[in-house]
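Chemist: If you scroll down you'll find the structure; I have some questions about it.
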Amino acid sequence: MHRIEIEAEINLMNENRRYARENRKILRENGAVAVNIMGAIGSGKTLLIEKTVEMLGDVKIGVILGDVVCSADYSRISKYDVCARAINTGKECHLDAHLIHETLKMMSGLDLILIENVGNLVCPVDFDLGENFRVVIVSVTEGDDVVEKHPEIFRLADVIIINKIGLAEYVDADVDKMERDARKLNEKAKIIKMDLKLNAGLGEWIEFLRGVLDVSRNSGRSCRT
Ligand code: MG
Ligand code: ZN
């Protein structure tokens with residue numbers, strides 16, 4: 001890379017960090033928890049959001065849907081009683097903190113913000129959105145070597161979801177190998193084996209979300225007193 005390209009890249013990343021900090025501040029002030037959901041196209045990101053919205057009827061949820069073009073996911077989510085916003089990134093294959101910043105300004109009074117990132121396992125990892133938690137969802141149909149092929153995104157995840165486990169035997173995928181690979185890369189992440197179509201593993205995911213929502217509500221209360 002030429003020096004001028006390197007400088008442009010550094011500026012871009014610094015700007016992203018600055019907006020990410022701002023986003024974290026906005027979320028803290030509003031007592032909201034934001035979850036950045038990353039995964040390939042077809043891994044189950046939108047379905048995970050749909051099921052989450054269905055199961056957390058008592059939580060005020062906002063959904064931000066990132067896509068290169070098109071609003072198919074937005075149409076799916078706007079059927080529910082949630083605050084949904086779509087972001088079309090144009091050519092970019094990831095969301096960035098500035099896009100999230102502009103969107104957060106249009107949302108208020110929420111407990112939980114679910115962000116569906118653009119579908120790929122590579123560049124979303126470089127862009128901190130100011131989220132509180134990072135979730136990576138992969139499906140066994142992507143091949144059981146998908147985890148070891150994308151180490152960085154798994155290394156930085158708080159939750160790793162292995163989806164479509166009901167299909168594992170049909171596509172010759174070794175779910176335990178995927179879990180071992182994930183654990184090797186990330187000692188601390190919560191790993192959930194899931195099948196969204198069969199409603200398997202959803203309880204564990206909802207329990208995780210309820211846990212982080214409780215923590216943030218409690219800390220919100222203690223700040224005000
Ligand atoms: Mg989707
Ligand atoms: Zn990208």
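Identifiers for the structure tokens are assigned positionally: chains receive A, B, ... in sequence, residues are indexed from 1 per chain, and ligands are indexed from 1 in the order shown.
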Please identify every residue of chain A that has at least one atom no farther than 9 Å from an atom of ligand 1, counting only C-alpha atoms and all ligand atoms, and for each give the shortest atom pair and the distance in Å to one decimal, arranged by chain then increasing number, as a tab-separated table.
Modeler:
```
residue	atom	partner	partner_atom_place_in_ligand_line	distance
A:Ala40	CA	ligand 1	1 (Mg)	8.9
A:Ile41	CA	ligand 1	1 (Mg)	6.7
A:Gly42	CA	ligand 1	1 (Mg)	7.0
A:Ser43	CA	ligand 1	1 (Mg)	8.2
A:Gly44	CA	ligand 1	1 (Mg)	6.9
A:Lys45	CA	ligand 1	1 (Mg)	5.3
A:Thr46	CA	ligand 1	1 (Mg)	4.3
A:Leu47	CA	ligand 1	1 (Mg)	7.5
A:Leu65	CA	ligand 1	1 (Mg)	7.7
A:Gly66	CA	ligand 1	1 (Mg)	8.2
A:Asp67	CA	ligand 1	1 (Mg)	7.8
A:Ala72	CA	ligand 1	1 (Mg)	8.0
A:Asp73	CA	ligand 1	1 (Mg)	5.4
A:Tyr74	CA	ligand 1	1 (Mg)	8.7
A:Glu116	CA	ligand 1	1 (Mg)	7.0
A:Asn117	CA	ligand 1	1 (Mg)	8.3
A:Val118	CA	ligand 1	1 (Mg)	7.9
A:Gly119	CA	ligand 1	1 (Mg)	7.1
```
Chemist: Env of A:Lys188: 9 Å cut, atoms = only C-alpha atoms, seq-sep filter 4 positions within chain, self excluded. Answer as a PyMOL selection string.
Modeler: chain A and resi 157-159+183
Chemist: Store the residues of this selection in a file with C-alpha atoms, as a PDB file, in the first residue's frame.
Modeler:
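part14.pdb, written as the output of this step:
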```
ATOM      1  CA  ALA A 157     -17.028 -12.429  19.929  1.00  0.00           C
ATOM      2  CA  ASP A 158     -18.934 -12.434  23.223  1.00  0.00           C
ATOM      3  CA  VAL A 159     -21.419 -15.010  21.973  1.00  0.00           C
ATOM      4  CA  ARG A 183     -13.262 -22.514  22.094  1.00  0.00           C
TER       5      ARG A 183
END
```
Chemist: Which neighbours of A:Ile100 fall inside 10 Å, counting only C-alpha atoms, when residues of the same chain fewer than 5 positions from it are skipped, and could you give them as a compact mmCIF listing (two decimals) with N, CA, C and O atoms, in the first residue's frame?
Modeler:
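Saved the output as selection-v1.txt:
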```txt
# COMPACT_ATOMS: atom_id res chain seq x y z
N TYR A 19 -16.61 7.74 16.70
CA TYR A 19 -18.06 7.55 16.67
C TYR A 19 -18.50 6.38 17.56
O TYR A 19 -19.56 6.43 18.18
N ALA A 20 -17.67 5.34 17.64
CA ALA A 20 -18.01 4.20 18.50
C ALA A 20 -18.09 4.65 19.96
O ALA A 20 -18.99 4.25 20.69
N ASN A 23 -21.27 6.52 20.43
CA ASN A 23 -22.41 5.59 20.46
C ASN A 23 -22.53 4.94 21.84
O ASN A 23 -23.62 4.80 22.37
N ILE A 64 -31.78 -2.55 14.03
CA ILE A 64 -31.11 -1.85 12.94
C ILE A 64 -30.63 -2.91 11.95
O ILE A 64 -29.90 -3.83 12.33
N GLY A 66 -28.66 -3.82 8.59
CA GLY A 66 -27.69 -3.39 7.60
C GLY A 66 -27.69 -4.32 6.41
O GLY A 66 -27.67 -5.53 6.57
N ILE A 87 -30.49 0.27 7.15
CA ILE A 87 -29.34 1.02 6.62
C ILE A 87 -28.87 0.30 5.37
O ILE A 87 -28.51 -0.88 5.43
N LEU A 95 -21.19 -2.51 8.44
CA LEU A 95 -21.70 -1.29 9.06
C LEU A 95 -20.53 -0.60 9.74
O LEU A 95 -19.57 -1.25 10.12
N LYS A 105 -29.58 8.25 16.65
CA LYS A 105 -30.19 9.55 16.92
C LYS A 105 -31.69 9.54 16.66
O LYS A 105 -32.42 10.37 17.16
N ILE A 115 -28.58 -5.20 16.26
CA ILE A 115 -28.02 -4.69 15.00
C ILE A 115 -27.65 -5.87 14.11
O ILE A 115 -26.82 -6.71 14.49
N LEU A 129 -18.81 -0.77 16.54
CA LEU A 129 -19.99 0.08 16.35
C LEU A 129 -20.36 0.82 17.63
O LEU A 129 -21.27 1.61 17.64
N GLY A 130 -19.63 0.52 18.70
CA GLY A 130 -19.99 1.05 20.00
C GLY A 130 -20.95 0.11 20.72
O GLY A 130 -21.55 0.45 21.73
N GLU A 131 -21.11 -1.09 20.15
CA GLU A 131 -22.02 -2.07 20.74
C GLU A 131 -21.52 -2.56 22.10
O GLU A 131 -20.35 -2.43 22.42
```
Chemist: Which value, in Å to one decimal, gives the distance between atom CA of A:Glu179 and atom CA of A:Ile192?
Modeler: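 Computing it gives 8.8 Å between the two atoms.
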Chemist: For ligand 2, collect every residue having any atom at a distance of at most 9 Å from a ligand atom (counting only C-alpha atoms and all ligand atoms); output as a list of chain:residue names.
Modeler: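 Based on only C-alpha atoms and all ligand atoms, ligand 2 is surrounded within 9 Å by A:Lys91, A:Glu92, A:Cys93, A:His94, A:Leu95, A:Asp96, A:Val118, A:Asn120, A:Val122, A:Cys123, A:Pro124, A:Val125, A:Asp126, A:Phe127.
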Chemist: Hey, which of A:Leu27, A:Cys83, A:Val68, A:Val147 ends up closest to A:Ser216? Count only C-alpha atoms.
Modeler: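 Looking at the shortest contact to A:Ser216, the residue is A:Leu27.
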Chemist: Using only C-alpha atoms, find the one residue out of A:Asp111, A:Gly39, A:Arg17, A:Leu48 that sits nearest to A:Arg210.
Modeler: A:Asp111
Chemist: Show which residues sit within 10 Å of A:Leu56, as a VMD selection string. Count only C-alpha atoms, and ignore same-chain residues fewer than 3 positions away.
Modeler: chain A and resid 51 to 53 59 to 61 112 206 209 to 210
Chemist: Go ahead and save the picked residues with N, CA, C and O atoms, as an mmCIF file, in the first residue's frame.
Modeler:
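What landed in selection-v2.cif:
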```cif
data_model
loop_
_atom_site.group_PDB
_atom_site.id
_atom_site.type_symbol
_atom_site.label_atom_id
_atom_site.label_comp_id
_atom_site.auth_asym_id
_atom_site.auth_seq_id
_atom_site.Cartn_x
_atom_site.Cartn_y
_atom_site.Cartn_z
ATOM 1 N N LYS A 51 -37.083 -14.313 16.119
ATOM 2 C CA LYS A 51 -37.406 -15.167 17.275
ATOM 3 C C LYS A 51 -37.183 -14.410 18.585
ATOM 4 O O LYS A 51 -37.930 -14.573 19.553
ATOM 5 N N THR A 52 -36.134 -13.591 18.616
ATOM 6 C CA THR A 52 -35.832 -12.823 19.826
ATOM 7 C C THR A 52 -36.959 -11.843 20.133
ATOM 8 O O THR A 52 -37.408 -11.720 21.275
ATOM 9 N N VAL A 53 -37.413 -11.160 19.083
ATOM 10 C CA VAL A 53 -38.502 -10.191 19.247
ATOM 11 C C VAL A 53 -39.761 -10.905 19.744
ATOM 12 O O VAL A 53 -40.469 -10.415 20.639
ATOM 13 N N VAL A 59 -39.886 -6.504 26.416
ATOM 14 C CA VAL A 59 -38.700 -5.637 26.319
ATOM 15 C C VAL A 59 -38.884 -4.668 25.158
ATOM 16 O O VAL A 59 -39.370 -5.053 24.090
ATOM 17 N N LYS A 60 -38.509 -3.409 25.382
ATOM 18 C CA LYS A 60 -38.599 -2.428 24.287
ATOM 19 C C LYS A 60 -37.389 -2.601 23.372
ATOM 20 O O LYS A 60 -36.268 -2.275 23.738
ATOM 21 N N ILE A 61 -37.646 -3.135 22.173
ATOM 22 C CA ILE A 61 -36.557 -3.523 21.273
ATOM 23 C C ILE A 61 -36.505 -2.625 20.040
ATOM 24 O O ILE A 61 -37.531 -2.302 19.454
ATOM 25 N N LEU A 112 -33.223 -2.566 24.394
ATOM 26 C CA LEU A 112 -32.331 -3.474 23.676
ATOM 27 C C LEU A 112 -32.314 -3.088 22.195
ATOM 28 O O LEU A 112 -33.368 -2.902 21.592
ATOM 29 N N ILE A 206 -31.944 -16.427 24.999
ATOM 30 C CA ILE A 206 -32.841 -15.485 25.679
ATOM 31 C C ILE A 206 -32.374 -15.250 27.119
ATOM 32 O O ILE A 206 -32.398 -14.128 27.625
ATOM 33 N N LEU A 209 -29.593 -12.780 27.035
ATOM 34 C CA LEU A 209 -30.065 -11.402 26.845
ATOM 35 C C LEU A 209 -30.722 -10.868 28.114
ATOM 36 O O LEU A 209 -30.486 -9.731 28.518
ATOM 37 N N ARG A 210 -31.537 -11.702 28.765
ATOM 38 C CA ARG A 210 -32.193 -11.248 29.998
ATOM 39 C C ARG A 210 -31.147 -10.899 31.054
ATOM 40 O O ARG A 210 -31.299 -9.935 31.794
#
```
